[in-house]
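Source file: entry29.txt; contents: compact mmCIF, C-alpha atoms.
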```
# COMPACT_ATOMS: atom_id res chain seq x y z
CA MET A 45 -24.83 18.05 -28.38
CA SER A 46 -27.34 15.32 -29.24
CA GLU A 47 -29.48 13.56 -26.66
CA ASP A 48 -27.76 10.22 -27.40
CA THR A 49 -24.31 11.76 -26.77
CA GLU A 50 -25.46 13.28 -23.47
CA LYS A 51 -26.87 9.93 -22.34
CA LYS A 52 -23.62 8.19 -23.29
CA GLU A 53 -21.50 10.67 -21.32
CA GLN A 54 -23.84 10.39 -18.32
CA PHE A 55 -23.60 6.60 -18.47
CA GLU A 56 -19.78 6.73 -18.62
CA GLU A 57 -19.67 9.07 -15.59
CA GLU A 58 -21.95 6.74 -13.62
CA GLN A 59 -19.76 3.77 -14.55
CA GLN A 60 -16.63 5.61 -13.39
CA GLY A 61 -18.38 6.53 -10.13
CA GLU A 62 -19.39 2.93 -9.51
CA SER A 63 -15.85 1.74 -10.28
CA ALA A 64 -14.37 4.26 -7.85
CA PHE A 65 -16.85 3.15 -5.16
CA GLU A 66 -16.06 -0.53 -5.64
CA THR A 67 -12.27 -0.28 -5.86
CA GLY A 68 -11.67 2.75 -3.65
CA SER A 69 -9.70 4.55 -6.36
CA ILE A 70 -10.00 7.88 -8.13
CA THR A 71 -7.91 10.01 -10.49
CA VAL A 72 -7.62 13.72 -9.71
CA GLU A 73 -5.94 16.64 -11.46
CA LYS A 74 -3.48 18.75 -9.46
CA SER A 75 -1.63 21.65 -11.07
CA GLY A 76 -2.16 20.13 -14.49
CA HIS A 77 -0.94 16.69 -13.44
CA PHE A 78 -3.18 13.63 -13.19
CA ILE A 79 -2.57 11.73 -9.95
CA HIS A 80 -4.29 8.44 -9.22
CA CYS A 81 -5.38 7.76 -5.62
CA LEU A 82 -5.69 4.14 -4.51
CA THR A 83 -6.91 3.16 -1.05
CA ILE A 84 -5.85 -0.03 0.75
CA ILE A 85 -8.27 -0.49 3.62
CA GLY A 86 -9.55 -3.15 6.00
CA GLN A 87 -8.05 -6.60 5.54
CA ILE A 88 -6.01 -7.61 2.52
CA GLU A 89 -7.73 -10.56 0.91
CA GLY A 90 -5.52 -13.19 -0.68
CA HIS A 91 -6.25 -16.67 -1.98
CA PHE A 92 -9.22 -17.21 0.36
CA ILE A 93 -12.41 -15.16 0.29
CA LEU A 94 -13.05 -13.43 3.61
CA PRO A 95 -16.52 -13.15 5.22
CA SER A 96 -18.83 -10.59 3.61
CA GLN A 97 -18.94 -8.45 6.77
CA ASN A 98 -15.18 -7.80 6.53
CA LYS A 99 -13.88 -4.64 4.88
CA THR A 100 -11.37 -6.01 2.37
CA THR A 101 -8.89 -4.98 -0.28
CA LYS A 102 -8.77 -7.68 -2.94
CA TYR A 103 -5.34 -8.15 -4.47
CA GLU A 104 -6.83 -9.35 -7.77
CA HIS A 105 -8.40 -5.87 -8.05
CA VAL A 106 -5.32 -3.90 -7.01
CA ILE A 107 -2.68 -5.61 -9.17
CA PRO A 108 -4.40 -4.92 -12.55
CA GLN A 109 -4.92 -1.31 -11.48
CA LEU A 110 -1.21 -0.89 -10.76
CA VAL A 111 -0.32 -2.35 -14.16
CA ALA A 112 -2.80 -0.01 -15.87
CA ILE A 113 -1.43 3.02 -14.00
CA GLU A 114 2.15 2.15 -14.95
CA GLU A 115 1.17 1.80 -18.63
CA SER A 116 -1.08 4.86 -18.71
CA LYS A 117 0.10 7.89 -20.71
CA ASP A 118 -2.20 10.23 -18.77
CA ILE A 119 -1.60 9.27 -15.13
CA GLU A 120 1.64 10.85 -13.93
CA GLY A 121 1.62 9.95 -10.22
CA LEU A 122 0.17 7.50 -7.71
CA LEU A 123 -0.90 8.08 -4.10
CA ILE A 124 -1.51 5.05 -1.88
CA ILE A 125 -3.65 5.69 1.20
CA LEU A 126 -3.36 2.99 3.85
CA ASN A 127 -5.70 2.13 6.69
CA THR A 128 -5.31 -1.63 7.02
CA VAL A 129 -5.12 -4.24 9.77
CA GLY A 130 -2.98 -6.47 7.52
CA GLY A 131 -4.08 -9.76 6.04
CA ASP A 132 -2.70 -12.28 3.57
CA VAL A 133 1.10 -12.08 3.73
CA GLU A 134 1.87 -13.20 0.17
CA ALA A 135 -0.85 -11.03 -1.38
CA GLY A 136 0.30 -7.97 0.55
CA LEU A 137 3.94 -8.61 -0.33
CA ALA A 138 3.02 -9.08 -4.00
CA ILE A 139 1.33 -5.67 -4.08
CA ALA A 140 4.28 -4.11 -2.25
CA GLU A 141 6.77 -5.58 -4.73
CA LEU A 142 4.78 -4.18 -7.66
CA LEU A 143 4.67 -0.72 -6.07
CA SER A 144 8.41 -0.72 -5.39
CA THR A 145 9.22 -1.50 -9.04
CA MET A 146 6.98 1.14 -10.63
CA SER A 147 8.59 3.99 -12.55
CA THR A 148 5.52 6.17 -11.93
CA PRO A 149 6.17 8.61 -9.02
CA THR A 150 4.55 7.12 -5.92
CA ALA A 151 3.88 8.14 -2.33
CA SER A 152 2.14 6.37 0.54
CA LEU A 153 0.13 7.91 3.36
CA VAL A 154 -0.72 5.94 6.51
CA LEU A 155 -4.00 7.02 8.10
CA GLY A 156 -5.51 5.21 11.06
CA GLY A 157 -3.32 2.12 10.86
CA GLY A 158 -0.76 0.36 8.71
CA HIS A 159 -0.45 -2.88 10.63
CA SER A 160 1.22 -6.22 9.94
CA ILE A 161 1.69 -6.72 6.17
CA GLY A 162 0.61 -3.08 5.83
CA VAL A 163 4.17 -2.17 6.91
CA PRO A 164 5.83 -3.39 3.67
CA LEU A 165 3.04 -1.70 1.70
CA ALA A 166 3.71 1.60 3.46
CA VAL A 167 7.45 1.57 2.71
CA SER A 168 7.11 0.33 -0.89
CA CYS A 169 6.57 3.77 -2.44
CA LYS A 170 9.19 6.35 -3.40
CA LYS A 171 8.35 8.26 -0.22
CA SER A 172 6.20 7.36 2.77
CA PHE A 173 4.17 9.68 4.99
CA ILE A 174 2.25 9.05 8.21
CA VAL A 175 -0.09 11.26 10.23
CA PRO A 176 0.80 11.67 13.94
CA SER A 177 -2.33 9.83 15.14
CA ALA A 178 -1.77 6.73 12.97
CA THR A 179 -0.26 3.52 14.36
CA MET A 180 1.73 0.64 12.88
CA THR A 181 2.04 -2.82 14.43
CA VAL A 182 5.22 -4.77 13.69
CA HIS A 183 5.11 -8.46 14.61
CA PRO A 184 6.40 -11.85 13.40
CA VAL A 185 4.62 -13.82 10.68
CA ARG A 186 1.53 -15.63 11.94
CA MET A 187 -0.62 -18.29 10.31
CA ASN A 188 -4.18 -19.32 11.09
CA GLY A 189 -5.47 -22.86 10.82
CA THR A 190 -3.72 -26.19 11.21
CA VAL A 191 0.07 -25.96 11.55
CA LEU A 192 2.17 -29.12 11.40
CA GLY A 193 4.66 -29.43 14.25
CA VAL A 194 7.63 -30.34 12.06
CA PRO A 195 10.97 -28.58 11.39
CA GLN A 196 9.89 -27.75 7.83
CA THR A 197 7.09 -25.55 9.19
CA LEU A 198 9.53 -23.48 11.23
CA SER A 199 11.81 -23.16 8.20
CA TYR A 200 8.88 -21.91 6.09
CA PHE A 201 8.01 -19.25 8.68
CA GLU A 202 11.63 -18.12 8.89
CA LYS A 203 11.94 -17.78 5.10
CA MET A 204 8.68 -15.85 4.88
CA GLN A 205 9.83 -13.55 7.67
CA ASP A 206 13.20 -13.04 5.96
CA ARG A 207 11.39 -11.92 2.78
CA ILE A 208 9.49 -9.27 4.72
CA VAL A 209 12.53 -8.07 6.70
CA ASN A 210 14.68 -7.79 3.58
CA PHE A 211 11.98 -5.91 1.70
CA VAL A 212 11.47 -3.41 4.53
CA GLU A 213 15.22 -2.88 4.91
CA ASN A 214 15.65 -2.28 1.16
CA ASN A 215 12.78 0.19 0.97
CA SER A 216 13.19 2.21 4.17
CA ARG A 217 15.87 3.67 6.45
CA ILE A 218 15.53 1.01 9.17
CA THR A 219 18.11 -1.78 9.44
CA ALA A 220 17.19 -5.46 9.43
CA GLU A 221 18.47 -5.82 13.01
CA ASP A 222 16.34 -2.96 14.32
CA PHE A 223 13.27 -4.19 12.45
CA ARG A 224 13.68 -7.70 13.85
CA ALA A 225 14.04 -6.21 17.33
CA LEU A 226 10.69 -4.47 16.89
CA MET A 227 9.12 -7.72 15.68
CA MET A 228 10.40 -9.73 18.64
CA LYS A 229 9.79 -7.21 21.41
CA THR A 230 7.88 -8.62 24.38
CA GLY A 231 5.74 -6.91 26.99
CA GLU A 232 4.08 -4.37 24.71
CA LEU A 233 1.31 -6.41 23.08
CA ILE A 234 -1.10 -8.49 25.16
CA MET A 235 -0.88 -12.19 24.22
CA ASP A 236 1.49 -11.38 21.37
CA VAL A 237 5.03 -10.40 20.40
CA GLY A 238 5.80 -7.17 18.59
CA THR A 239 5.70 -3.38 18.75
CA VAL A 240 3.09 -0.69 18.17
CA LEU A 241 4.49 2.54 16.73
CA ASP A 242 2.70 5.86 16.50
CA GLY A 243 3.42 8.29 13.68
CA GLU A 244 6.35 9.98 15.38
CA GLY A 245 7.84 6.66 16.51
CA ALA A 246 7.61 5.21 12.99
CA VAL A 247 9.58 8.17 11.62
CA GLU A 248 12.15 8.15 14.43
CA CYS A 249 13.08 4.50 13.88
CA GLY A 250 13.43 5.04 10.13
CA LEU A 251 10.46 2.93 9.09
CA ILE A 252 8.53 5.87 7.58
CA ASP A 253 10.18 8.82 5.85
CA GLU A 254 8.18 11.76 7.13
CA LEU A 255 5.31 12.98 9.30
CA GLY A 256 2.71 14.57 7.05
CA GLY A 257 -0.74 14.52 5.60
CA LEU A 258 -2.54 14.53 2.29
CA SER A 259 -1.19 17.86 1.02
CA ASP A 260 2.40 16.81 1.82
CA ALA A 261 2.08 13.54 -0.10
CA LEU A 262 0.46 15.21 -3.12
CA SER A 263 3.07 17.99 -3.12
CA PHE A 264 5.87 15.42 -3.13
CA ILE A 265 4.38 13.57 -6.11
CA GLU A 266 3.86 16.85 -7.96
CA SER A 267 7.48 17.91 -7.37
CA VAL A 268 8.82 14.58 -8.68
CA ILE A 269 6.61 14.84 -11.78
CA GLU A 270 7.86 18.35 -12.53
CA VAL A 271 11.51 17.32 -12.12
CA GLU A 272 11.01 14.35 -14.44
CA ASN A 273 9.23 16.52 -17.02
CA LYS A 274 12.10 19.03 -16.99
CA CYS A 275 14.65 16.25 -17.47
CA SER A 276 12.69 14.78 -20.39
CA THR A 277 12.49 18.11 -22.21
CA GLN A 278 16.20 18.84 -21.95
```

Go ahead and express the file in the form of structure tokens.
Amino acid sequence: MSEDTEKKEQFEEEQQGESAFETGSITVEKSGHFIHCLTIIGQIEGHFILPSQNKTTKYEHVIPQLVAIEESKDIEGLLIILNTVGGDVEAGLAIAELLSTMSTPTASLVLGGGHSIGVPLAVSCKKSFIVPSATMTVHPVRMNGTVLGVPQTLSYFEKMQDRIVNFVENNSRITAEDFRALMMKTGELIMDVGTVLDGEGAVECGLIDELGGLSDALSFIESVIEVENKCSTQ
């Protein structure tokens, strides 16, 4: 191998490492299958840039990655790892909608927290997992900044909330009525309305499919890939 070729390969590896560091994503091989791992952490950044000290997941970075994964001939599965406090509602819902419409086998794993708009993201994959120590906060839609005290504002909030409720109902085992009850529960959150669920509670109410960790999520993706490969060869 020539010196120029070695330098080129080293440069490409460094570039891939920098990309993984910046976007929180990496592609790994498991049992001969390439599975892409994408992390959604901190606060989901939408149309407005958040302060530099905030840990953020930028939706303009995530959406192109999802499109590339769906179109890739090499990547056979996608693992989403969630540890988010929530963030921009429309940006989070846009990512969740993309995930739910992917044909690539997907699984989500909630570590630490999957709060607020992180709930639709967690349920958007083919199967969702949560570790016992993780928590999920379910609450009504909130908006920062100036809010006009007119009927149209209330109607906007209701429609936005309906979008989230319908999405969660269509992508999990929880009913719309039960999910709304969790959103509107009083007495559990200080100065707020809503519910905090631990891993076991999230599974019991039907929000998350299964208690499990990294190996469980990867094993599920691998099993789906193998089933699909068998079907395609028949």

With all atoms listed in the file as the counted atoms, please give the residues lying no more than 9 Å from Leu123 of chain A, apart from itself and same-chain residues fewer than 5 positions off, as a PDB file with C-alpha atoms, in the frame of the given file.
```
ATOM      1  CA  ILE A  79      -2.570  11.730  -9.950  1.00  0.00           C
ATOM      2  CA  HIS A  80      -4.290   8.440  -9.220  1.00  0.00           C
ATOM      3  CA  CYS A  81      -5.380   7.760  -5.620  1.00  0.00           C
ATOM      4  CA  LEU A  82      -5.690   4.140  -4.510  1.00  0.00           C
ATOM      5  CA  THR A  83      -6.910   3.160  -1.050  1.00  0.00           C
ATOM      6  CA  PRO A 149       6.170   8.610  -9.020  1.00  0.00           C
ATOM      7  CA  THR A 150       4.550   7.120  -5.920  1.00  0.00           C
ATOM      8  CA  ALA A 151       3.880   8.140  -2.330  1.00  0.00           C
ATOM      9  CA  SER A 152       2.140   6.370   0.540  1.00  0.00           C
ATOM     10  CA  LEU A 153       0.130   7.910   3.360  1.00  0.00           C
ATOM     11  CA  CYS A 169       6.570   3.770  -2.440  1.00  0.00           C
ATOM     12  CA  ALA A 261       2.080  13.540  -0.100  1.00  0.00           C
ATOM     13  CA  LEU A 262       0.460  15.210  -3.120  1.00  0.00           C
ATOM     14  CA  ILE A 265       4.380  13.570  -6.110  1.00  0.00           C
TER      15      ILE A 265
END
```

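The two atoms in question, atom CA of Gly256 of chain A and atom CA of Gly156 of chain A, are spaced 13.1 Å apart.
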
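One distance worth recording is that between atom CA of Val240 of chain A and atom CA of Leu94 of chain A, which is 25.2 Å.
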
(request) Excluding segment 84-90 of chain A and residues on its chain fewer than 2 positions from it, collect all residues at most 12 Å away from it, counting all atoms listed in the file, and give them as an MDAnalysis selection string. (result) chainID A and resid 67:69 81:82 92:107 123:140 152:163 165:166

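The two atoms in question, atom CA of Leu233 of chain A and atom CA of Thr179 of chain A, are spaced 13.3 Å apart.
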
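Here the question is which of A:Ser75, A:Thr148, A:Thr239, A:Ser263 gets nearest to Gly121 of chain A using all atoms listed in the file, and that residue is A:Thr148.
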
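Comparing the minimum interatomic distances between Lys229 of chain A and each of A:Lys170, A:Glu141, A:Thr71, A:His183, counting all atoms listed in the file, we find that A:His183 sits nearest.
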
(message) Using all atoms listed in the file, can you tell me which of A:Glu115, A:Gly243, A:Gly238, A:Ser177 comes closest to Ala225 of chain A?
(response) A:Gly238

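Nearest residue to Asp206 of chain A among A:Met227, A:Leu255, A:Val194, A:Leu142 is A:Met227, counting all atoms listed in the file.
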
(message) My list of candidates is A:Val167, A:Pro184, A:Asp222, A:Thr277. Which is closest to Met204 of chain A when distances are computed with all atoms listed in the file?
(response) A:Pro184

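All residues of protein, DNA or RNA that reach within 7 Å of Ala220 of chain A, judged by all atoms listed in the file and not counting those fewer than 5 positions away in the chain, are A:Val209, A:Asn210, A:Glu213.
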
N, CA, C and O atoms restored at segment 129-151 of chain A, emitted as a PDB file, keeping the file's coordinate frame:
```pdb
ATOM      1  N   VAL A 129      -5.519  -3.419   8.619  1.00  0.00           N
ATOM      2  CA  VAL A 129      -5.120  -4.240   9.770  1.00  0.00           C
ATOM      3  C   VAL A 129      -4.138  -5.323   9.335  1.00  0.00           C
ATOM      4  O   VAL A 129      -3.646  -6.092  10.156  1.00  0.00           O
ATOM      5  N   GLY A 130      -3.864  -5.409   8.031  1.00  0.00           N
ATOM      6  CA  GLY A 130      -2.980  -6.470   7.520  1.00  0.00           C
ATOM      7  C   GLY A 130      -3.794  -7.475   6.737  1.00  0.00           C
ATOM      8  O   GLY A 130      -4.797  -7.143   6.118  1.00  0.00           O
ATOM      9  N   GLY A 131      -3.351  -8.718   6.773  1.00  0.00           N
ATOM     10  CA  GLY A 131      -4.080  -9.760   6.040  1.00  0.00           C
ATOM     11  C   GLY A 131      -3.144 -10.779   5.444  1.00  0.00           C
ATOM     12  O   GLY A 131      -2.126 -11.129   6.045  1.00  0.00           O
ATOM     13  N   ASP A 132      -3.484 -11.238   4.244  1.00  0.00           N
ATOM     14  CA  ASP A 132      -2.700 -12.280   3.570  1.00  0.00           C
ATOM     15  C   ASP A 132      -1.281 -11.779   3.290  1.00  0.00           C
ATOM     16  O   ASP A 132      -1.078 -10.776   2.615  1.00  0.00           O
ATOM     17  N   VAL A 133      -0.290 -12.505   3.816  1.00  0.00           N
ATOM     18  CA  VAL A 133       1.100 -12.080   3.730  1.00  0.00           C
ATOM     19  C   VAL A 133       1.590 -12.050   2.283  1.00  0.00           C
ATOM     20  O   VAL A 133       2.174 -11.062   1.823  1.00  0.00           O
ATOM     21  N   GLU A 134       1.358 -13.127   1.540  1.00  0.00           N
ATOM     22  CA  GLU A 134       1.870 -13.200   0.170  1.00  0.00           C
ATOM     23  C   GLU A 134       1.167 -12.205  -0.746  1.00  0.00           C
ATOM     24  O   GLU A 134       1.804 -11.617  -1.620  1.00  0.00           O
ATOM     25  N   ALA A 135      -0.126 -12.000  -0.557  1.00  0.00           N
ATOM     26  CA  ALA A 135      -0.850 -11.030  -1.380  1.00  0.00           C
ATOM     27  C   ALA A 135      -0.355  -9.619  -1.093  1.00  0.00           C
ATOM     28  O   ALA A 135      -0.129  -8.825  -2.020  1.00  0.00           O
ATOM     29  N   GLY A 136      -0.191  -9.293   0.182  1.00  0.00           N
ATOM     30  CA  GLY A 136       0.300  -7.970   0.550  1.00  0.00           C
ATOM     31  C   GLY A 136       1.706  -7.725   0.039  1.00  0.00           C
ATOM     32  O   GLY A 136       2.026  -6.632  -0.464  1.00  0.00           O
ATOM     33  N   LEU A 137       2.554  -8.748   0.141  1.00  0.00           N
ATOM     34  CA  LEU A 137       3.940  -8.610  -0.330  1.00  0.00           C
ATOM     35  C   LEU A 137       3.991  -8.495  -1.851  1.00  0.00           C
ATOM     36  O   LEU A 137       4.831  -7.771  -2.401  1.00  0.00           O
ATOM     37  N   ALA A 138       3.083  -9.174  -2.541  1.00  0.00           N
ATOM     38  CA  ALA A 138       3.020  -9.080  -4.000  1.00  0.00           C
ATOM     39  C   ALA A 138       2.675  -7.652  -4.435  1.00  0.00           C
ATOM     40  O   ALA A 138       3.288  -7.107  -5.364  1.00  0.00           O
ATOM     41  N   ILE A 139       1.705  -7.051  -3.765  1.00  0.00           N
ATOM     42  CA  ILE A 139       1.330  -5.670  -4.080  1.00  0.00           C
ATOM     43  C   ILE A 139       2.492  -4.727  -3.784  1.00  0.00           C
ATOM     44  O   ILE A 139       2.801  -3.821  -4.563  1.00  0.00           O
ATOM     45  N   ALA A 140       3.155  -4.950  -2.642  1.00  0.00           N
ATOM     46  CA  ALA A 140       4.280  -4.110  -2.250  1.00  0.00           C
ATOM     47  C   ALA A 140       5.428  -4.198  -3.260  1.00  0.00           C
ATOM     48  O   ALA A 140       6.050  -3.182  -3.609  1.00  0.00           O
ATOM     49  N   GLU A 141       5.708  -5.397  -3.745  1.00  0.00           N
ATOM     50  CA  GLU A 141       6.770  -5.580  -4.730  1.00  0.00           C
ATOM     51  C   GLU A 141       6.452  -4.842  -6.029  1.00  0.00           C
ATOM     52  O   GLU A 141       7.325  -4.234  -6.652  1.00  0.00           O
ATOM     53  N   LEU A 142       5.186  -4.902  -6.449  1.00  0.00           N
ATOM     54  CA  LEU A 142       4.780  -4.180  -7.660  1.00  0.00           C
ATOM     55  C   LEU A 142       4.976  -2.678  -7.487  1.00  0.00           C
ATOM     56  O   LEU A 142       5.506  -1.993  -8.367  1.00  0.00           O
ATOM     57  N   LEU A 143       4.545  -2.154  -6.334  1.00  0.00           N
ATOM     58  CA  LEU A 143       4.670  -0.720  -6.070  1.00  0.00           C
ATOM     59  C   LEU A 143       6.135  -0.276  -6.085  1.00  0.00           C
ATOM     60  O   LEU A 143       6.474   0.781  -6.614  1.00  0.00           O
ATOM     61  N   SER A 144       6.997  -1.097  -5.511  1.00  0.00           N
ATOM     62  CA  SER A 144       8.410  -0.720  -5.390  1.00  0.00           C
ATOM     63  C   SER A 144       9.131  -0.723  -6.732  1.00  0.00           C
ATOM     64  O   SER A 144      10.196  -0.112  -6.862  1.00  0.00           O
ATOM     65  N   THR A 145       8.565  -1.410  -7.727  1.00  0.00           N
ATOM     66  CA  THR A 145       9.220  -1.500  -9.040  1.00  0.00           C
ATOM     67  C   THR A 145       8.581  -0.603 -10.090  1.00  0.00           C
ATOM     68  O   THR A 145       8.954  -0.666 -11.260  1.00  0.00           O
ATOM     69  N   MET A 146       7.634   0.241  -9.690  1.00  0.00           N
ATOM     70  CA  MET A 146       6.980   1.140 -10.630  1.00  0.00           C
ATOM     71  C   MET A 146       7.869   2.338 -10.930  1.00  0.00           C
ATOM     72  O   MET A 146       8.554   2.861 -10.047  1.00  0.00           O
ATOM     73  N   SER A 147       7.864   2.778 -12.184  1.00  0.00           N
ATOM     74  CA  SER A 147       8.590   3.990 -12.550  1.00  0.00           C
ATOM     75  C   SER A 147       7.731   5.232 -12.319  1.00  0.00           C
ATOM     76  O   SER A 147       8.259   6.345 -12.216  1.00  0.00           O
ATOM     77  N   THR A 148       6.423   5.055 -12.227  1.00  0.00           N
ATOM     78  CA  THR A 148       5.520   6.170 -11.930  1.00  0.00           C
ATOM     79  C   THR A 148       5.829   6.718 -10.532  1.00  0.00           C
ATOM     80  O   THR A 148       5.988   5.942  -9.591  1.00  0.00           O
ATOM     81  N   PRO A 149       5.935   8.039 -10.353  1.00  0.00           N
ATOM     82  CA  PRO A 149       6.170   8.610  -9.020  1.00  0.00           C
ATOM     83  C   PRO A 149       5.081   8.182  -8.042  1.00  0.00           C
ATOM     84  O   PRO A 149       3.892   8.314  -8.330  1.00  0.00           O
ATOM     85  N   THR A 150       5.497   7.649  -6.904  1.00  0.00           N
ATOM     86  CA  THR A 150       4.550   7.120  -5.920  1.00  0.00           C
ATOM     87  C   THR A 150       4.821   7.681  -4.527  1.00  0.00           C
ATOM     88  O   THR A 150       5.953   8.015  -4.194  1.00  0.00           O
ATOM     89  N   ALA A 151       3.764   7.758  -3.737  1.00  0.00           N
ATOM     90  CA  ALA A 151       3.880   8.140  -2.330  1.00  0.00           C
ATOM     91  C   ALA A 151       2.812   7.387  -1.562  1.00  0.00           C
ATOM     92  O   ALA A 151       1.738   7.087  -2.086  1.00  0.00           O
TER      93      ALA A 151
END
```
